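Chemist: I'd like to ask you about the structure that follows.
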Amino acid sequence: MIPTSFDYTRPSTVDEAVSTLRAAGEDAKILAGGQSLIPVLRLRLAAPSTLIDLGGISDLVGIRSDGDSLVIGAMTSHAEVAASDLVRQHAPMVAEAAQSIGDPQVRHMGTFGGSLSHADPAGDLPSVALALDAAMVVAGPEGRREVAAGDFFTDHFTTVLGADEILVEVRVPKLAGWGMRYVKFNRVAQAWAIVGVAAAVRRDNGGIAEARVALTNMGPTPIRARGVEQALAGADADLDALRAACETAAEGASPSSDVTASAEYRGHLAKVLSRRAVAAAAGL
Amino acid sequence: MTVTEERPAAEVGHARRRKEDARLITGRTMWTDNITLPGMLHLAILRSPMAHARIATIDVGPARELPGVIAAFSGRDLAEDMASLPCAWPVTEDMVHPDHLPLAVDEVRHTGEAVAVVAARDRASALDGLEAIEVDYDELPVVLDMEAALADGADLVHADKGTNKSFTWVFDSAEAGSGGNVADALDGAEVKLSRRYVQQRLIPAYMEPRSVVVDPTGDVFTVWSATQIPHILRLMIAMTTGTPEHKVRVVAPDVGGGFGGKLQVTPEELIAFHVARRIGKPVKHTETRSESMQATHHGRDQIQFIDLTARRDGTVTGLNVRLLANMGAYLGLVTPGVPILGAFMYNAIYKIPAYRFECTGVFTNTAWTDAYRGAGRPEATYAIERIVDELAAELGLDPMEVRRKNWINHDEFPFTTVAGLTYDSGNYEAATDKATQLFGYDELRREQAARRESGDLVQLGIGISTYTEMCGLAPSRVLGALRYGAGGWESATVRVLPTGKVEVVTGTSPHGQGHETAWSQIVADQLGVPFEDVEVLHGDTRTSVRGLDTYGSRSLAVGGTALVKACQKVIKNAKRIAAHMLEASEDDLEFADGTWRVRGTPDAGKTIAECALAVFTSHDLPDGIEPNLDADATHDPENFSFPHGTHLCAAEVDTETGWVNIRKYAAVDDVGRVINPLIVEGQVHGGIAQGVAQALFEEAVYDESGNLMTGTFVDYTVPSAADLPAFDTDRTETPATGHPLGAKGVGEAGTIASTPAVVNAVVDALRPLGVNDVRMPCTPERVWQAIQEARR
Ligand SMILES: Cc1cc2nc3c(=O)[nH]c(=O)nc-3n(C[C@H](O)[C@H](O)[C@H](O)COP(=O)(O)OP(=O)(O)OC[C@H]3O[C@@H](n4cnc5c(N)ncnc54)[C@H](O)[C@@H]3O)c2cc1C
């Protein structure tokens with residue numbers, strides 16, 4: 001279909017974007033890769049008065065190394081993230097998750113920041129950001145602030161971003177000495193995750209020293225499987241120990257039942273996939 | 001021996017790249033939606049959000065006020081113009097056949113049913129117009145489940161009909177004289193299996209959405225439509241709008257896929273026609289994908305109750321089939337006939353002594369069903385191939401052995417089946433032997449045993465499907481006996497231009513199958529002209545005057561035969577002229593490689609091109625001859641053709657998650673003589689993919705209020721190449737005997753064959769866990785659930 005009519009602007013700096021956003025008021029919307037927003041507009045499920053296209057702000061594109069962090073610009077495409085040597089070296093699971101998104105067209109249009117801002121419960125990048133304790137750098141009228149991934153996602157399709165704020169970049173800590181793996185379970189290759197698991201594991205003396213496990217689509221926001229993480233800390237690095245530790249993966253989760261899967265099945269998958277993701281991250 | 005001239009290589013059998021592909025793949029062609037006419041308006045259609053409701057009030061007035069909107073009509077506004085959309089296949093005399101108006105007038109009976117239309121200067125304004133239309137619906141009870149719909153006191157889809165049953169159609173081999181009495185077989189059975197299989201509802205997801213342009217200006221109405229059936233559409237437009245047939249021209253330009261989904265006379269086509277006629281301006285409607293998912297006809301949706309009886313040695317003694325077929329809310333062009341086509345295929349390749357088939361058509365508040373790739377035959381093949389596997393499991397026999405024991409041997413052809421069809425040719429042994437080798441059957445069975453032994457979390461299953469199908473639709477007399485409203489013949493015209501180039505007109509209507517290439521290959525060999533010199537015209541009822549279009553794997557077997565006949569007439573027409581030019585007697589001429597030669601003097605000859613030029617100038621022709629080489633031919637087949645083959649699938653099933661991975665897929669098809677192996681290969685690949693889609697991926701789901709839950713490609717999961725394995729394919733070739741081409745048809749074979757092969761593999765993998773069925777599509781969750789239930 002065709003969206004209702006709207007105004008369109010294409011600022012060239014973040015400051016300009018923020019002030020335009022502020023001036024345009026509640027009904028304005030940021031346009032990044034358009035892979036989530038345009039379908040919504042075409043179905044006429046939203047009718048913003050103004051679209052502010054971030055595509056003209058070159059500062060928002062790119063991946064750089066900054067001390068202990070990897071910094072990914074909000075407008076960097078999934079394809080660039082997936083292909084980046086820096087990402088593959090310091091946060092390989094981010095590249096894996098980006099590579100698993102949709103199809104090549106979607107990966108070339110869709111953006112890293114757009115995915116996180118959109119906060120789809122089935123989106124792959126939010127749980128990865130959560131598992132890695134990434135920090136979101138947000139620009140608003142009062143300047144910039146950093147929000148931890150754990151505080152960023154508040155509900156389905158909802159984040160702490162204010163109406164006049166823009167996600168500008170994401171700081172991903174480099175986890176030296178960790179193994180990591182994103183496991184996605186979906187019906188067809190280009191479908192969204194039924195459940196996804198992002199796991200990062202640090203091994204020590206043959207065992208597991210520390211683990212972080214975050215789940216995709218097990219509730220309105222990505223969640224950390226804290227019970228699993230606690231059970232894994234200090235656990236033996238063998239499959240039986242992992243199996244036992246992952247039994248609690250779905251605890252505290254509130255997955256939905258829909259046409260793709262029941263909540264019960266999602267709960268079951270969370271356990272199995274957590275074990276598999278952790279095992280892979282631990283090199284088992 | 002002297003070789004005077006290089007003999008041209010035969011075109012038939014040559015794996016030519018398709019000549020139409022460059023324009024189709026680049027899109028540089030005339031799709032209906034590319035058509036723009038002066039003054040053309042764009043239509044948008046308002047669709048019901050309710051599955052069943054009375055339209056209390058509807059006001060299109062506010063839409064008319066909007067800028068850019070030229071006209072808006074509700075069903076009531078067009079009520080006087082509209083007649084019911086046609087159903088051409090009243091399968092029984094007393095079939096309940098409710099009216100189906102293009103725009104609903106008083107009542108809507110499925111979500112997505114059209115209730116109003118807006119015509120505007122551009123598409124965006126038309127869509128704005130839809131939002132301004134006000135409709136008040138009074139909700140009515142919704143009937144979705146077929147078994148509930150038939151229960152006493154059920155709510156009714158069509159209150160005035162007093163029933164949700166459309167018809168019950170019966171075939172009984174005892175009555176037909178083609179076999180014994182099933183009741184006897186059931187009574188005395190050593191082994192009896194009863195199963196209930198569900199053929200889920202599918203949505204034809206053709207690549208090009210449906211699109212229609214109607215031009216009412218000028219002396220005739222011209223209708224361009226993304227349809228499979230321009231000829232039938234023309235007739236039906238004439239019959240349902242009161243327009244004289246010669247004042248309607250229908251054009252199917254290039255059409256991007258159909259799979260039966262465009263074998264329809266659609267509400268959208270008629271809405272566009274009525275609006276164009278009312279306002280006197282050209283109009284266009286192109287559906288969105290979400291509209292298409294809701295409002296195109298759907299496929300399958302049957303519940304099958306199957307009883308199979310056998311002796312303990314595996315010899316099948318009887319087959320009893322009871323079917324509930326979901327018609328949806330209305331009857332489309334051939335809706336009731338689809339399950340009936342299946343009636344002739346349940347016995348498949350087997351010698352079954354007694355057979356009974358009973359099908360009841362049921363109305364529900366869902367989109368109406370109709371033809372979808374295979375139409376009735378995939379459902380039948382699925383049921384028989386699944387239950388033969390169950391019989392093998394029951395008796396502890398190898399499923400291949402049970403098949404061998406029961407199938408028709410190659411030396412028994414022609415063979416008249418218990419369903420009354422005569423299979424002219426086939427060789428199931430040869431295809432199966434080739435397939436088991438290609439597949440590595442024994443080795444995979446060994447691997448399966450090892451995995452079972454070790455209790456591997458990933459189990460391996462092997463699925464067999466030894467299918468046949470009836471295609472080359474269809475002998476007109478048979479269609480008449482089945483109460484179908486039209487014939488099954490096909491026509492062709494061959495015109496030789498003065499320069500020797502050839503124009504061919506076919507009455508078939510390709511929508512992606514590659515007819516232009518295959519037809520050119522046939523003509524090249526027949527007339528001895530280069531492949532490149534042949535142009536194939538189709539789809540425009542002004543050029544292609546006679547035809548019955550493309551469906552049911554008929555184009556080559558029936559339309560190709562008409563083409564050969566037309567070529568033969570051209571050759572015959574050329575003979576007298578050649579004889580005259582060669583100053584020889586006609587009796588002394590022989591035709592080879594495109595040239596009439598005098599027997600014994602190979603150097604003296606006249607090509608078809610030379611004869612065509614002679615005819616054009618007509619300066620020196622024999623007395624009394626009509627100066628024309630061109631010819632028309634029509635072919636009405638004596639019999640169907642019966643492709644067959646053996647498909648084998650090895651599926652790995654992750655018993656923890658239910659994930660199914662097709663590890664290996666081997667297909668050996670016997671589609672008779674092959675005109676172009678590349679096209680056959682393409683049809684087989686696409687066909688298998690579509691059958692695998694039913695087995696594992698696709699299902700249209702309505703919620704309890706009749707909303708389509710799978711209304712986009714996010715939820716209706718059509719697999720892509722990434723989800724499918726490489727297919728190992730090969731062929732055997734037993735030519736069809738009914739016509740000179742020997743081709744049987746290949747358009748539906750892969751789809752018919754693959755679904756049971758895949759599901760049999762999934763069930764075979766899980767049998768040691770106590771699973772003996774998984775409802776389609778075998779999604780990971782369903783597989784997992786089946787394992788859980790078996791463990792309980
Ligand atoms: C066919 C298809 C398949 C897909 N499959 C997957 C999948 O498997 N996994 C997956 O994770 N995703 C998938 N996606 C979604 C894809 O990842 C999108 O790219 C992503 O969700 C949104 O990113 P975008 O750049 O396209 O954002 P847009 O669509 O432009 O915007 C999305 C929302 O975020 C807001 N926004 C965007 N950028 C910013 C910013 N910098 N600051 C503040 N607000 C912002 C917009 O205002 C809008 O509300 C799929 C999409 C499609 C079309």
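Simple scheme: letters A, B, ... for chains in structure tokens order, numbers from 1 for residues in each chain, numbers from 1 for ligands in the order shown.
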If you count only C-alpha atoms, which residues fall within 9 Å of Val570 (chain B), apart from same-chain ones fewer than 3 positions away, as an MDAnalysis selection string?
Modeler: chainID B and resid 494:496 527 565:567 573:575 608 628:632
Chemist: Considering only C-alpha atoms, return as a count of residues only whatever protein or nucleic-acid residues lie within 10 Å of Lys351 (chain B), sequence-local ones (same chain, fewer than 6 positions apart) excluded.
Modeler: 13
Chemist: Name the residues of region 278-434 of chain B that fall into strand (DSSP E) according to DSSP on the backbone, using the chain letters and numbers of this document, as a PyMOL selection string.
Modeler: chain B and resi 283-286+299-310+316-328+355-363+415-416+422-423
Chemist: Around ligand 1, which protein and nucleic acid residues have at least one atom no more than 6 Å from it, if we count only C-alpha atoms and all ligand atoms? List them as an mmCIF file with N, CA and C atoms, in the first residue's frame.
Modeler:
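Written output follows (result24.cif):
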data_model
loop_
_atom_site.group_PDB
_atom_site.id
_atom_site.type_symbol
_atom_site.label_atom_id
_atom_site.label_comp_id
_atom_site.auth_asym_id
_atom_site.auth_seq_id
_atom_site.Cartn_x
_atom_site.Cartn_y
_atom_site.Cartn_z
ATOM 1 N N LYS A 29 8.879 11.324 13.254
ATOM 2 C CA LYS A 29 9.523 10.011 13.408
ATOM 3 C C LYS A 29 10.888 10.050 12.747
ATOM 4 N N ILE A 30 11.830 9.374 13.410
ATOM 5 C CA ILE A 30 13.140 9.177 12.794
ATOM 6 C C ILE A 30 13.022 8.077 11.739
ATOM 7 N N LEU A 31 13.654 8.300 10.602
ATOM 8 C CA LEU A 31 13.753 7.250 9.585
ATOM 9 C C LEU A 31 15.212 6.818 9.482
ATOM 10 N N ALA A 32 15.467 5.552 9.760
ATOM 11 C CA ALA A 32 16.834 5.030 9.592
ATOM 12 C C ALA A 32 16.840 4.186 8.318
ATOM 13 N N GLY A 33 16.922 2.870 8.446
ATOM 14 C CA GLY A 33 16.917 2.016 7.255
ATOM 15 C C GLY A 33 15.529 1.776 6.687
ATOM 16 N N GLY A 34 14.526 2.121 7.462
ATOM 17 C CA GLY A 34 13.148 2.007 6.985
ATOM 18 C C GLY A 34 12.609 0.592 6.936
ATOM 19 N N GLN A 35 13.383 -0.384 7.380
ATOM 20 C CA GLN A 35 12.957 -1.783 7.219
ATOM 21 C C GLN A 35 11.858 -2.182 8.200
ATOM 22 N N SER A 36 11.724 -1.433 9.262
ATOM 23 C CA SER A 36 10.587 -1.653 10.156
ATOM 24 C C SER A 36 9.565 -0.535 10.007
ATOM 25 N N LEU A 37 10.059 0.684 9.865
ATOM 26 C CA LEU A 37 9.141 1.822 9.820
ATOM 27 C C LEU A 37 8.311 1.861 8.534
ATOM 28 N N ALA A 74 25.069 4.333 14.794
ATOM 29 C CA ALA A 74 23.668 3.902 14.714
ATOM 30 C C ALA A 74 23.248 3.598 13.287
ATOM 31 N N ILE A 101 19.960 -11.681 10.229
ATOM 32 C CA ILE A 101 18.766 -10.850 10.050
ATOM 33 C C ILE A 101 18.240 -10.945 8.616
ATOM 34 N N GLY A 102 16.958 -11.229 8.500
ATOM 35 C CA GLY A 102 16.234 -11.130 7.229
ATOM 36 C C GLY A 102 16.985 -11.685 6.038
ATOM 37 N N VAL A 106 17.397 -6.577 3.267
ATOM 38 C CA VAL A 106 17.125 -6.039 4.599
ATOM 39 C C VAL A 106 18.441 -5.702 5.303
ATOM 40 N N GLY A 110 18.715 -2.053 6.530
ATOM 41 C CA GLY A 110 18.453 -1.938 7.965
ATOM 42 C C GLY A 110 19.708 -1.558 8.731
ATOM 43 N N THR A 111 19.515 -0.846 9.835
ATOM 44 C CA THR A 111 20.665 -0.326 10.583
ATOM 45 C C THR A 111 20.730 -0.887 11.996
ATOM 46 N N GLY A 113 21.458 0.819 14.764
ATOM 47 C CA GLY A 113 20.723 1.682 15.696
ATOM 48 C C GLY A 113 19.218 1.569 15.516
ATOM 49 N N GLY A 114 18.796 1.400 14.295
ATOM 50 C CA GLY A 114 17.360 1.260 14.030
ATOM 51 C C GLY A 114 16.795 0.017 14.702
ATOM 52 N N SER A 115 17.523 -1.070 14.625
ATOM 53 C CA SER A 115 17.084 -2.310 15.258
ATOM 54 C C SER A 115 16.938 -2.141 16.761
ATOM 55 N N SER A 117 16.654 0.719 18.477
ATOM 56 C CA SER A 117 15.619 1.707 18.815
ATOM 57 C C SER A 117 14.226 1.138 18.620
ATOM 58 N N HIS A 118 14.083 0.302 17.595
ATOM 59 C CA HIS A 118 12.770 -0.262 17.286
ATOM 60 C C HIS A 118 12.341 -1.253 18.374
ATOM 61 N N GLY A 123 13.597 -9.088 17.661
ATOM 62 C CA GLY A 123 14.822 -8.581 17.046
ATOM 63 C C GLY A 123 16.039 -9.288 17.628
ATOM 64 N N ASP A 124 17.038 -9.499 16.798
ATOM 65 C CA ASP A 124 18.200 -10.271 17.236
ATOM 66 C C ASP A 124 19.238 -9.437 17.985
ATOM 67 N N LEU A 125 19.350 -8.169 17.587
ATOM 68 C CA LEU A 125 20.447 -7.382 18.159
ATOM 69 C C LEU A 125 20.212 -6.969 19.610
ATOM 70 N N ILE A 166 17.855 10.794 20.004
ATOM 71 C CA ILE A 166 18.322 9.939 18.916
ATOM 72 C C ILE A 166 19.427 9.036 19.449
ATOM 73 N N LEU A 167 19.354 7.775 19.083
ATOM 74 C CA LEU A 167 20.462 6.870 19.388
ATOM 75 C C LEU A 167 21.564 7.149 18.363
ATOM 76 N N VAL A 168 22.754 7.526 18.846
ATOM 77 C CA VAL A 168 23.802 7.877 17.880
ATOM 78 C C VAL A 168 24.846 6.776 17.688
ATOM 79 N N ALA A 191 13.113 -15.632 8.318
ATOM 80 C CA ALA A 191 12.095 -15.287 9.317
ATOM 81 C C ALA A 191 12.740 -14.766 10.593
ATOM 82 N N TRP A 192 11.908 -14.116 11.395
ATOM 83 C CA TRP A 192 12.330 -13.654 12.705
ATOM 84 C C TRP A 192 12.541 -14.847 13.615
#
Chemist: Kindly provide, as a count of residues only, the residues of chain A having any atom no farther than 8 Å from an atom of chain B, counting only C-alpha atoms.
Modeler: 15
Chemist: So, with only C-alpha atoms as the atoms that count, which of A:Ser12, A:Ser49, A:Gln89, A:Gln99 lies closest to Tyr182 (chain A)?
Modeler: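 With only C-alpha atoms as the atom set, the closest residue is A:Gln99.
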Chemist: From a backbone DSSP assignment, name each residue in region 228-438 of chain B labelled alpha helix (DSSP H), as a VMD selection string.
Modeler: chain B and resid 230 to 241 267 to 279 289 to 295 337 to 343 377 to 395 399 to 406 428 to 438
Chemist: Mind checking which residues fall within 12 Å of Gln264 (chain B), counting only C-alpha atoms, ignoring those fewer than 6 positions away in the same chain, and posting them as an mmCIF file with C-alpha atoms, in the first residue's frame?
Modeler:
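Output file out.cif follows:
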data_model
loop_
_atom_site.group_PDB
_atom_site.id
_atom_site.type_symbol
_atom_site.label_atom_id
_atom_site.label_comp_id
_atom_site.auth_asym_id
_atom_site.auth_seq_id
_atom_site.Cartn_x
_atom_site.Cartn_y
_atom_site.Cartn_z
ATOM 1 C CA LEU B 85 -19.399 -14.892 -10.296
ATOM 2 C CA PRO B 86 -19.414 -18.185 -12.175
ATOM 3 C CA CYS B 87 -18.905 -21.707 -10.940
ATOM 4 C CA ALA B 88 -18.367 -23.854 -14.016
ATOM 5 C CA ARG B 210 -3.156 -10.069 -9.416
ATOM 6 C CA SER B 225 -5.494 -9.298 -16.516
ATOM 7 C CA ALA B 226 -2.784 -11.267 -14.757
ATOM 8 C CA THR B 227 -4.744 -14.425 -15.387
ATOM 9 C CA GLN B 228 -4.080 -18.012 -16.448
ATOM 10 C CA ILE B 229 -7.324 -18.138 -18.398
ATOM 11 C CA PRO B 230 -7.891 -15.249 -20.829
ATOM 12 C CA HIS B 231 -10.262 -17.289 -23.002
ATOM 13 C CA ILE B 232 -12.447 -18.528 -20.191
ATOM 14 C CA LEU B 233 -12.404 -15.067 -18.643
ATOM 15 C CA ARG B 234 -13.633 -13.501 -21.852
ATOM 16 C CA MET B 236 -17.421 -15.426 -18.422
ATOM 17 C CA ILE B 237 -17.266 -11.642 -18.618
ATOM 18 C CA GLY B 258 -0.286 -18.621 -10.991
ATOM 19 C CA LEU B 270 -15.568 -7.899 -12.406
ATOM 20 C CA ALA B 295 -8.707 -12.464 -1.055
ATOM 21 C CA THR B 296 -7.185 -14.777 -3.597
ATOM 22 C CA HIS B 297 -8.698 -18.230 -3.542
ATOM 23 C CA HIS B 298 -6.896 -20.647 -1.275
ATOM 24 C CA LEU B 331 -17.902 -21.617 -5.005
ATOM 25 C CA GLY B 332 -15.251 -20.349 -7.386
ATOM 26 C CA LEU B 333 -14.751 -21.321 -11.004
ATOM 27 C CA VAL B 334 -13.909 -24.991 -10.374
ATOM 28 C CA THR B 335 -14.071 -25.199 -6.551
ATOM 29 C CA TRP B 368 -13.158 -19.801 -0.978
ATOM 30 C CA THR B 369 -10.847 -22.562 -2.113
ATOM 31 C CA ASP B 370 -10.110 -23.600 -5.658
ATOM 32 C CA ALA B 371 -7.339 -24.976 -7.832
ATOM 33 C CA TYR B 372 -3.845 -24.950 -6.412
ATOM 34 C CA ASP B 549 -5.679 -21.853 -21.429
ATOM 35 C CA THR B 550 -3.115 -23.284 -19.037
ATOM 36 C CA TYR B 551 -3.674 -25.474 -15.952
#
Chemist: From the list B:Val198, B:Ala492, B:Met207, B:Ala753, which residue is nearest Thr646 (chain B) when using only C-alpha atoms?
Modeler: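 Result for the nearest residue to Thr646 (chain B): B:Ala753.
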Chemist: Give the answer as one residue: which of B:Gln568, B:Ser173, B:Thr217, B:Ser166 has the shortest atom-to-atom distance to Phe273 (chain B), using only C-alpha atoms?
Modeler: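 Among the listed residues, B:Thr217 lies closest to Phe273 (chain B).
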